[in-house]
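Note: the block below is final.cif and it holds mmCIF, C-alpha atoms.
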```cif
data_protein
#
loop_
_atom_site.label_atom_id
_atom_site.label_comp_id
_atom_site.auth_asym_id
_atom_site.auth_seq_id
_atom_site.Cartn_x
_atom_site.Cartn_y
_atom_site.Cartn_z
CA MET A 1 21.11 21.67 -15.47
CA VAL A 2 19.37 24.09 -17.84
CA LYS A 3 16.45 22.53 -19.65
CA ASN A 4 16.80 22.47 -23.38
CA PHE A 5 13.73 22.36 -25.54
CA SER A 6 15.48 22.35 -28.92
CA VAL A 7 14.40 19.86 -31.56
CA LYS A 8 17.89 18.40 -31.54
CA THR A 9 17.77 17.64 -27.80
CA GLN A 10 14.34 16.05 -28.11
CA TRP A 11 15.58 14.00 -31.04
CA ASN A 12 18.60 12.84 -29.02
CA LEU A 13 16.35 11.92 -26.08
CA ALA A 14 14.09 9.92 -28.36
CA ALA A 15 17.06 8.14 -29.97
CA ALA A 16 18.71 7.35 -26.62
CA PHE A 17 15.62 5.88 -24.95
CA PHE A 18 14.47 4.13 -28.10
CA ARG A 19 17.76 2.21 -28.09
CA VAL A 20 17.37 1.46 -24.37
CA GLY A 21 13.81 0.16 -24.84
CA ILE A 22 14.54 -1.96 -27.87
CA LEU A 23 17.82 -3.47 -26.57
CA GLY A 24 16.70 -4.02 -22.97
CA PHE A 25 16.04 -7.75 -23.05
CA GLY A 26 15.07 -9.09 -19.64
CA GLY A 27 12.99 -6.17 -18.43
CA GLY A 28 13.60 -2.94 -16.54
CA PRO A 29 16.52 -3.74 -14.21
CA SER A 30 18.59 -5.22 -17.04
CA SER A 31 18.24 -2.01 -19.04
CA ILE A 32 19.84 0.17 -16.35
CA PRO A 33 23.40 -0.25 -17.74
CA LEU A 34 22.05 0.74 -21.16
CA VAL A 35 20.51 3.91 -19.71
CA HIS A 36 23.85 4.68 -18.05
CA GLN A 37 25.67 4.25 -21.33
CA GLU A 38 23.35 6.69 -23.12
CA VAL A 39 22.82 9.44 -20.55
CA VAL A 40 26.19 9.46 -18.80
CA ASP A 41 28.75 8.21 -21.33
CA LYS A 42 27.27 9.24 -24.65
CA TYR A 43 25.23 12.43 -24.15
CA GLU A 44 26.62 13.51 -20.75
CA TRP A 45 23.20 14.75 -19.55
CA VAL A 46 23.93 13.70 -15.97
CA THR A 47 27.16 12.88 -14.15
CA LYS A 48 28.03 9.43 -12.86
CA ASP A 49 27.21 10.45 -9.26
CA GLU A 50 23.90 12.04 -10.23
CA PHE A 51 23.03 8.84 -12.09
CA SER A 52 23.56 6.67 -9.04
CA ASP A 53 21.52 9.14 -6.94
CA ILE A 54 18.66 8.97 -9.44
CA LEU A 55 18.88 5.18 -9.47
CA ALA A 56 18.86 4.96 -5.66
CA LEU A 57 15.89 7.30 -5.54
CA GLY A 58 14.06 5.34 -8.21
CA ASN A 59 14.61 2.20 -6.17
CA THR A 60 13.10 3.69 -3.02
CA LEU A 61 9.89 4.45 -4.92
CA PRO A 62 7.47 1.74 -6.07
CA GLY A 63 6.70 0.95 -9.71
CA PRO A 64 8.77 -0.01 -12.75
CA ILE A 65 12.33 1.34 -12.65
CA ALA A 66 12.98 1.75 -16.40
CA THR A 67 10.10 4.14 -17.03
CA LYS A 68 10.88 6.12 -13.88
CA MET A 69 14.47 6.61 -15.07
CA ALA A 70 13.40 7.49 -18.62
CA GLY A 71 10.68 9.90 -17.49
CA TYR A 72 12.82 11.63 -14.88
CA ILE A 73 15.91 12.04 -17.06
CA GLY A 74 13.67 13.15 -19.94
CA TYR A 75 12.18 15.78 -17.62
CA ARG A 76 15.60 16.98 -16.42
CA VAL A 77 16.93 17.30 -19.95
CA GLY A 78 13.91 18.51 -21.91
CA GLY A 79 11.10 19.49 -19.53
CA TRP A 80 7.63 17.93 -19.65
CA ILE A 81 7.93 17.40 -23.41
CA GLY A 82 11.19 15.54 -22.82
CA CYS A 83 9.54 13.48 -20.09
CA LEU A 84 6.67 12.44 -22.36
CA ASN A 85 9.05 11.91 -25.26
CA ALA A 86 11.36 9.56 -23.31
CA LEU A 87 8.39 7.64 -21.87
CA LEU A 88 6.73 7.13 -25.24
CA VAL A 89 9.84 5.86 -27.02
CA THR A 90 10.63 3.54 -24.08
CA SER A 91 7.23 1.89 -23.95
CA VAL A 92 5.28 2.27 -27.20
CA PRO A 93 7.42 0.16 -29.59
CA THR A 94 7.66 -2.84 -27.25
CA VAL A 95 3.99 -2.62 -26.24
CA MET A 96 2.99 -2.59 -29.93
CA ALA A 97 5.15 -5.65 -30.62
CA MET A 98 3.66 -7.32 -27.57
CA ILE A 99 0.03 -6.67 -28.59
CA LEU A 100 0.72 -7.85 -32.14
CA LEU A 101 2.39 -11.09 -30.99
CA PHE A 102 -0.23 -11.88 -28.36
CA SER A 103 -3.15 -11.26 -30.75
CA THR A 104 -1.56 -13.50 -33.40
CA PHE A 105 -0.96 -16.13 -30.74
CA GLN A 106 -4.57 -16.05 -29.54
CA GLN A 107 -5.84 -16.29 -33.12
CA TYR A 108 -3.96 -19.52 -33.82
CA GLN A 109 -4.23 -21.08 -30.37
CA HIS A 110 -6.41 -23.95 -31.63
CA VAL A 111 -3.80 -25.20 -34.10
CA PRO A 112 -2.29 -28.25 -32.30
CA TRP A 113 1.37 -27.22 -32.47
CA VAL A 114 0.59 -23.67 -31.34
CA ALA A 115 -1.36 -25.13 -28.42
CA GLY A 116 1.71 -27.30 -27.68
CA MET A 117 3.88 -24.16 -27.62
CA ALA A 118 1.53 -22.55 -25.10
CA LYS A 119 1.78 -25.61 -22.87
CA GLY A 120 5.55 -25.99 -23.23
CA VAL A 121 6.14 -22.49 -21.95
CA VAL A 122 4.23 -22.99 -18.67
CA PRO A 123 6.91 -25.05 -16.82
CA ILE A 124 9.57 -22.53 -17.90
CA ILE A 125 7.48 -19.68 -16.47
CA ALA A 126 7.13 -21.72 -13.28
CA VAL A 127 10.94 -22.06 -13.03
CA MET A 128 11.42 -18.37 -13.72
CA LEU A 129 8.96 -17.43 -10.98
CA GLY A 130 10.52 -20.03 -8.68
CA VAL A 131 13.94 -18.43 -9.17
CA LEU A 132 12.44 -14.99 -8.46
CA THR A 133 10.78 -16.38 -5.32
CA TRP A 134 14.15 -17.73 -4.21
CA ASP A 135 15.83 -14.35 -4.91
CA PHE A 136 13.22 -12.49 -2.89
CA LEU A 137 13.57 -15.01 -0.07
CA GLN A 138 17.37 -14.70 -0.05
CA SER A 139 17.35 -10.91 -0.09
CA SER A 140 14.70 -10.84 2.66
CA ILE A 141 16.96 -12.93 4.87
CA ALA A 142 20.00 -10.84 3.97
CA LYS A 143 18.23 -7.56 4.79
CA LEU A 144 16.05 -8.49 7.76
CA GLY A 145 17.81 -11.47 9.34
CA LYS A 146 16.35 -14.96 9.55
CA THR A 147 13.98 -14.41 12.48
CA MET A 148 12.29 -11.28 11.13
CA ALA A 149 12.21 -12.59 7.55
CA PHE A 150 10.57 -15.90 8.47
CA THR A 151 8.16 -14.22 10.91
CA LEU A 152 6.97 -11.87 8.17
CA ILE A 153 6.81 -14.76 5.68
CA ALA A 154 4.69 -16.82 8.06
CA ILE A 155 2.36 -13.90 8.81
CA SER A 156 2.05 -13.08 5.11
CA ALA A 157 1.32 -16.69 4.17
CA VAL A 158 -1.52 -16.91 6.69
CA VAL A 159 -2.92 -13.45 6.04
CA LEU A 160 -2.87 -13.79 2.24
CA PHE A 161 -5.37 -16.63 2.38
CA PHE A 162 -7.98 -14.22 3.67
CA ILE A 163 -7.33 -10.73 2.37
CA HIS A 164 -6.31 -8.80 -0.75
CA PRO A 165 -2.50 -8.46 -1.02
CA ALA A 166 -2.77 -4.65 -1.17
CA ILE A 167 -4.01 -4.50 2.42
CA LEU A 168 -1.10 -6.64 3.62
CA LEU A 169 1.51 -4.62 1.70
CA VAL A 170 0.14 -1.28 2.90
CA SER A 171 0.25 -2.58 6.48
CA LEU A 172 3.87 -3.67 5.96
CA ILE A 173 4.77 -0.27 4.51
CA LEU A 174 3.25 1.42 7.56
CA PHE A 175 5.13 -1.06 9.77
CA ALA A 176 8.41 -0.10 8.09
CA LEU A 177 7.66 3.59 8.68
CA ARG A 178 6.57 3.14 12.33
CA PRO A 179 7.84 5.83 14.71
CA ARG A 180 11.31 5.29 16.14
CA ARG A 181 10.22 5.53 19.76
CA GLU A 182 8.03 2.45 19.42
CA ARG A 183 10.91 0.57 17.89
CA ALA A 184 13.13 1.40 20.86
CA LYS A 185 10.52 -0.09 23.21
CA GLU A 186 10.41 -3.42 21.37
CA MET B 187 -16.84 1.74 -15.98
CA ILE B 188 -14.17 -0.47 -17.49
CA TYR B 189 -11.46 2.23 -17.81
CA LEU B 190 -11.73 3.01 -14.11
CA GLU B 191 -11.39 -0.70 -13.27
CA ILE B 192 -8.32 -0.99 -15.52
CA PHE B 193 -6.85 2.12 -13.92
CA ILE B 194 -7.31 0.71 -10.39
CA ALA B 195 -6.15 -2.79 -11.37
CA PHE B 196 -2.79 -1.41 -12.53
CA LEU B 197 -2.48 1.47 -10.08
CA ILE B 198 -2.57 -0.78 -6.99
CA PRO B 199 0.26 -3.19 -7.98
CA ASN B 200 2.49 -0.32 -9.03
CA ILE B 201 2.16 1.88 -5.95
CA ILE B 202 2.63 -0.95 -3.46
CA GLY B 203 5.07 -3.08 -5.50
CA TYR B 204 8.36 -2.05 -3.95
CA GLY B 205 11.25 -3.90 -5.56
CA GLY B 206 10.91 -3.07 -9.27
CA GLY B 207 9.27 -4.86 -12.19
CA PRO B 208 9.41 -8.51 -11.00
CA ALA B 209 7.82 -7.65 -7.63
CA VAL B 210 4.64 -6.45 -9.33
CA ILE B 211 4.08 -9.69 -11.32
CA PRO B 212 2.16 -11.56 -8.57
CA LEU B 213 0.30 -8.35 -7.69
CA ILE B 214 -0.83 -7.83 -11.29
CA GLU B 215 -1.90 -11.48 -11.42
CA SER B 216 -3.96 -11.07 -8.28
CA GLU B 217 -5.84 -8.14 -9.90
CA VAL B 218 -6.35 -9.33 -13.46
CA VAL B 219 -6.81 -13.08 -12.84
CA THR B 220 -8.15 -13.46 -9.29
CA ARG B 221 -10.06 -10.23 -8.76
CA TYR B 222 -11.37 -9.15 -12.16
CA GLY B 223 -11.09 -12.47 -14.05
CA TRP B 224 -10.00 -10.76 -17.29
CA LEU B 225 -7.45 -13.53 -17.98
CA THR B 226 -7.01 -17.15 -16.95
CA THR B 227 -3.80 -18.23 -15.19
CA LYS B 228 -2.70 -19.86 -18.45
CA GLU B 229 -3.29 -16.70 -20.52
CA PHE B 230 -1.44 -14.71 -17.88
CA GLY B 231 1.47 -17.15 -18.33
CA GLU B 232 1.41 -16.60 -22.10
CA VAL B 233 1.49 -12.83 -21.60
CA LEU B 234 4.39 -13.22 -19.17
CA ALA B 235 6.27 -15.50 -21.57
CA ILE B 236 5.93 -13.11 -24.50
CA ALA B 237 6.83 -10.15 -22.29
CA ASN B 238 9.98 -11.97 -21.23
CA THR B 239 11.16 -12.70 -24.76
CA LEU B 240 10.59 -9.15 -26.01
CA PRO B 241 12.84 -6.26 -24.99
CA GLY B 242 11.74 -3.32 -22.84
CA PRO B 243 10.32 -2.92 -19.32
CA ILE B 244 8.13 -5.91 -18.32
CA ALA B 245 5.49 -4.19 -16.19
CA THR B 246 4.78 -1.68 -18.95
CA LYS B 247 4.51 -4.37 -21.63
CA MET B 248 2.18 -6.46 -19.46
CA SER B 249 -0.13 -3.57 -18.63
CA GLY B 250 -0.19 -2.50 -22.29
CA VAL B 251 -1.23 -5.88 -23.65
CA ILE B 252 -3.68 -6.74 -20.85
CA GLY B 253 -5.27 -3.27 -21.10
CA TYR B 254 -5.59 -3.84 -24.85
CA GLU B 255 -7.17 -7.29 -24.41
CA VAL B 256 -9.72 -5.88 -21.96
CA ALA B 257 -10.70 -2.62 -23.65
CA GLY B 258 -8.74 -1.98 -26.87
CA TRP B 259 -6.28 0.87 -27.42
CA GLY B 260 -7.98 3.06 -24.82
CA GLY B 261 -7.53 0.27 -22.29
CA ALA B 262 -3.85 -0.07 -23.20
CA ALA B 263 -3.31 3.67 -22.74
CA VAL B 264 -5.11 3.75 -19.37
CA ALA B 265 -3.20 0.70 -18.10
CA ILE B 266 0.20 2.11 -19.11
CA PHE B 267 -0.69 5.49 -17.60
CA ALA B 268 -1.67 3.85 -14.29
CA THR B 269 1.58 1.86 -14.31
CA VAL B 270 3.98 4.65 -15.15
CA ALA B 271 2.56 8.00 -14.07
CA PRO B 272 2.04 7.87 -10.27
CA SER B 273 5.56 6.85 -9.24
CA LEU B 274 7.17 9.02 -11.91
CA LEU B 275 5.22 12.11 -10.78
CA LEU B 276 6.20 11.36 -7.18
CA MET B 277 9.82 11.17 -8.28
CA ILE B 278 9.73 14.45 -10.20
CA PHE B 279 7.89 16.44 -7.51
CA LEU B 280 9.54 14.97 -4.43
CA VAL B 281 13.05 14.81 -5.80
CA GLY B 282 14.55 17.38 -3.42
CA PHE B 283 12.86 15.92 -0.36
CA LEU B 284 13.66 12.34 -1.33
CA MET B 285 17.29 13.07 -2.16
CA LYS B 286 17.68 14.27 1.42
CA HIS B 287 16.09 11.15 2.92
CA LYS B 288 17.02 8.34 0.55
CA ASP B 289 19.65 7.02 2.96
CA HIS B 290 17.31 7.23 5.94
CA PRO B 291 16.90 3.78 7.56
CA LYS B 292 13.10 3.94 7.38
CA VAL B 293 13.13 4.61 3.66
CA GLN B 294 15.68 1.85 3.24
CA ALA B 295 13.52 -0.48 5.32
CA LEU B 296 10.52 -0.05 3.01
CA SER B 297 11.46 -2.48 0.27
CA ALA B 298 13.08 -4.85 2.79
CA THR B 299 9.89 -5.14 4.84
CA VAL B 300 7.67 -5.69 1.81
CA ARG B 301 9.97 -8.35 0.33
CA PRO B 302 8.89 -11.38 2.44
CA ALA B 303 5.26 -10.80 1.44
CA ILE B 304 6.31 -10.55 -2.22
CA ALA B 305 8.22 -13.83 -1.81
CA VAL B 306 5.06 -15.53 -0.51
CA LEU B 307 2.94 -14.14 -3.35
CA MET B 308 5.57 -15.21 -5.85
CA ALA B 309 5.68 -18.72 -4.36
CA GLY B 310 1.89 -19.01 -4.68
CA LEU B 311 2.08 -17.95 -8.30
CA THR B 312 4.90 -20.44 -8.98
CA PHE B 313 2.78 -23.20 -7.52
CA ARG B 314 -0.20 -22.29 -9.72
CA PHE B 315 1.99 -22.56 -12.83
CA VAL B 316 3.40 -25.94 -11.77
CA GLU B 317 -0.16 -27.13 -11.17
CA SER B 318 -1.38 -25.80 -14.51
CA SER B 319 1.53 -27.46 -16.32
CA TYR B 320 0.78 -30.78 -14.60
CA VAL B 321 -2.89 -30.59 -15.60
CA ASP B 322 -2.26 -29.54 -19.22
CA SER B 323 0.92 -31.37 -20.21
CA GLY B 324 1.22 -34.21 -17.71
CA ILE B 325 3.94 -34.96 -15.22
CA ILE B 326 6.65 -36.17 -17.63
CA HIS B 327 6.81 -33.05 -19.82
CA THR B 328 6.58 -30.89 -16.68
CA ILE B 329 9.56 -32.64 -15.10
CA ILE B 330 11.68 -32.59 -18.28
CA LEU B 331 11.11 -28.88 -18.92
CA GLY B 332 11.24 -28.03 -15.22
CA VAL B 333 14.59 -29.71 -14.67
CA ALA B 334 16.02 -28.26 -17.90
CA GLY B 335 14.76 -24.83 -16.85
CA ILE B 336 16.22 -25.04 -13.35
CA TYR B 337 19.57 -26.15 -14.80
CA GLY B 338 19.69 -23.38 -17.40
CA ILE B 339 18.11 -20.46 -15.60
CA TYR B 340 19.20 -21.08 -12.03
CA VAL B 341 22.43 -23.11 -12.26
CA LYS B 342 23.87 -21.78 -15.52
CA LYS B 343 22.24 -18.33 -15.22
CA TRP B 344 21.24 -18.26 -18.86
CA HIS B 345 18.70 -15.66 -19.78
CA ALA B 346 15.11 -16.86 -19.19
CA GLY B 347 14.16 -15.56 -22.64
CA TRP B 348 16.19 -18.34 -24.30
CA PHE B 349 14.43 -20.96 -22.23
CA ILE B 350 11.05 -19.59 -23.17
CA LEU B 351 12.07 -20.21 -26.80
CA VAL B 352 13.19 -23.74 -25.79
CA GLY B 353 9.81 -24.33 -24.11
CA LEU B 354 7.95 -23.05 -27.17
CA LEU B 355 9.93 -25.32 -29.50
CA TYR B 356 9.63 -28.36 -27.23
CA GLY B 357 5.91 -27.77 -26.86
CA ALA B 358 5.38 -27.38 -30.61
CA LEU B 359 7.19 -30.69 -31.27
CA PHE B 360 6.28 -32.97 -28.38
CA ILE B 361 3.24 -31.75 -26.40
CA ARG B 362 -0.28 -32.40 -27.72
#
```
Rendering of file as structure tokens:
Amino acid sequence: MVKNFSVKTQWNLAAAFFRVGILGFGGGPSSIPLVHQEVVDKYEWVTKDEFSDILALGNTLPGPIATKMAGYIGYRVGGWIGCLNALLVTSVPTVMAMILLFSTFQQYQHVPWVAGMAKGVVPIIAVMLGVLTWDFLQSSIAKLGKTMAFTLIAISAVVLFFIHPAILLVSLILFALRPRRERAKE
Amino acid sequence: MIYLEIFIAFLIPNIIGYGGGPAVIPLIESEVVTRYGWLTTKEFGEVLAIANTLPGPIATKMSGVIGYEVAGWGGAAVAIFATVAPSLLLMIFLVGFLMKHKDHPKVQALSATVRPAIAVLMAGLTFRFVESSYVDSGIIHTIILGVAGIYGIYVKKWHAGWFILVGLLYGALFIR
């Protein structure tokens, strides 16, 4: 695809990813269908197949998926300016809203009913994280099988008491990339 | 050098957090609460709750607001940059190479192998929130909201954002 630096293209990029950012309730993964609607159906910047390739690729790399999609498609369509453009409209409006809300919240946190709100939300966050834990557990078992999944869970649980999680995750990443020959020996 | 600390605190979760936005939540917590002590567990919960009710990518919103709390607008910019830039640059520069290998079993195995560790981290974080709710609001409110939350979010699959609003309203009315 030929990159297009026209003002109109940049405007369209900004409009498309602004809508994605502002309508994407529930975080990055839930905004993927919205991205598809804009870049495949509406503006036809990438084909359906290219979109699923980009998504698969985004999923093999670490980090948030929504900004990777926005930045990469922005780059494909409108070069580095398009990349920056798509990233800014995806993140700036929601970050501003976030900072505004959190500052207001902190300012009034000593008012009794505001303090009650802060407490009421904690069990809900616990449930949300519990459900995520369950999802990660289920998908670990589905991908690795019960034995491997529970072995890694047990090792992680013990190891995490002593060391920074980064060290454990990097070791696991290296373990996943271990040479084939070693795997054959196991 | 606070900007460097912010950069590292958000760079680490986002380059090892295979599995998208939710996978980095416990990793961010381990940096900003456990390691640097910029926020308490409760404040981290408030940030997470607000991030969940607002639209847009969660990791980006969290890094923006935490960066801002720690070091103002400069902090917000550094935190968002550390969150977004490294993996995006990898994607743009390695696209040809990665396209060729994205179906390779080793590449596929990456997020699968990291997942059990993420599950453990996530479980630890869940436990800390249950504990904090028990200490702050007592066992009765914790059970009522917990059961309602499990029913709505897990059984009925309603969006967590609605239940955060329910929790806020319940807390404003009943919890002192």
message: Would you compute the distance between atom CA of A:Gly120 and atom CA of B:Gly258? Give it in Å to one decimal.
response: 28.2 Å
Here's a test: counting all atoms listed in the file, identify every protein, DNA and RNA residue with an atom at most 8 Å from (19.3, 5.1, -26.0) in the file's coordinate frame, and state them as a PDB file with C-alpha atoms, keeping the file's coordinate frame.
```
ATOM      1  CA  LEU A  13      16.350  11.920 -26.080  1.00  0.00           C
ATOM      2  CA  ALA A  14      14.090   9.920 -28.360  1.00  0.00           C
ATOM      3  CA  ALA A  15      17.060   8.140 -29.970  1.00  0.00           C
ATOM      4  CA  ALA A  16      18.710   7.350 -26.620  1.00  0.00           C
ATOM      5  CA  PHE A  17      15.620   5.880 -24.950  1.00  0.00           C
ATOM      6  CA  PHE A  18      14.470   4.130 -28.100  1.00  0.00           C
ATOM      7  CA  ARG A  19      17.760   2.210 -28.090  1.00  0.00           C
ATOM      8  CA  VAL A  20      17.370   1.460 -24.370  1.00  0.00           C
ATOM      9  CA  GLY A  21      13.810   0.160 -24.840  1.00  0.00           C
ATOM     10  CA  LEU A  34      22.050   0.740 -21.160  1.00  0.00           C
ATOM     11  CA  VAL A  35      20.510   3.910 -19.710  1.00  0.00           C
ATOM     12  CA  GLN A  37      25.670   4.250 -21.330  1.00  0.00           C
ATOM     13  CA  GLU A  38      23.350   6.690 -23.120  1.00  0.00           C
ATOM     14  CA  VAL A  39      22.820   9.440 -20.550  1.00  0.00           C
TER      15      VAL A  39
END
```
message: Under the PyMOL selection byres ((chain B and resi 224) around 12), which residues of this model are included? Write them out as a PyMOL selection string.
response: chain B and resi 188+191-192+195+214-223+225-230+251-257
task: For the structure provided, state which residues fall under the PyMOL selection byres ((chain B) within 6 of (chain A)), and present them as a PyMOL selection string.
output: chain B and resi 200-201+203-204+206-207+241-244+247+250-251+274+292+295-296+300-303+305+308-309+312+315-316+319+328+332+335+350+353-354+357-358+361-362
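Take the candidates B:Ala245, B:Ala268, B:Ile211, B:Val352 and check each one against B:Leu197 using all atoms listed in the file; the shortest distance goes to B:Ala268.
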task: In Å, rounded to a single decimal, give me how far atom CA of A:Gln10 is from atom CA of B:Gly260.
output: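 Straight-line distance from atom CA of B:Gly260 to atom CA of A:Gln10 works out to 26.0 Å.
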message: Report, in Å with one decimal, the straight-line distance from atom CA of B:Gly338 to atom CA of B:Ile236.
response: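 Taking atom CA of B:Gly338 as the start and atom CA of B:Ile236 as the end point, the length is 18.6 Å.
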message: Please determine, counting all atoms listed in the file, which residue among A:Phe51, A:Trp45, A:Phe5, A:Trp80 has the shortest atom-to-atom distance to B:Leu275.
response: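 Among A:Phe51, A:Trp45, A:Phe5, A:Trp80, it is A:Trp80 that comes nearest to B:Leu275.
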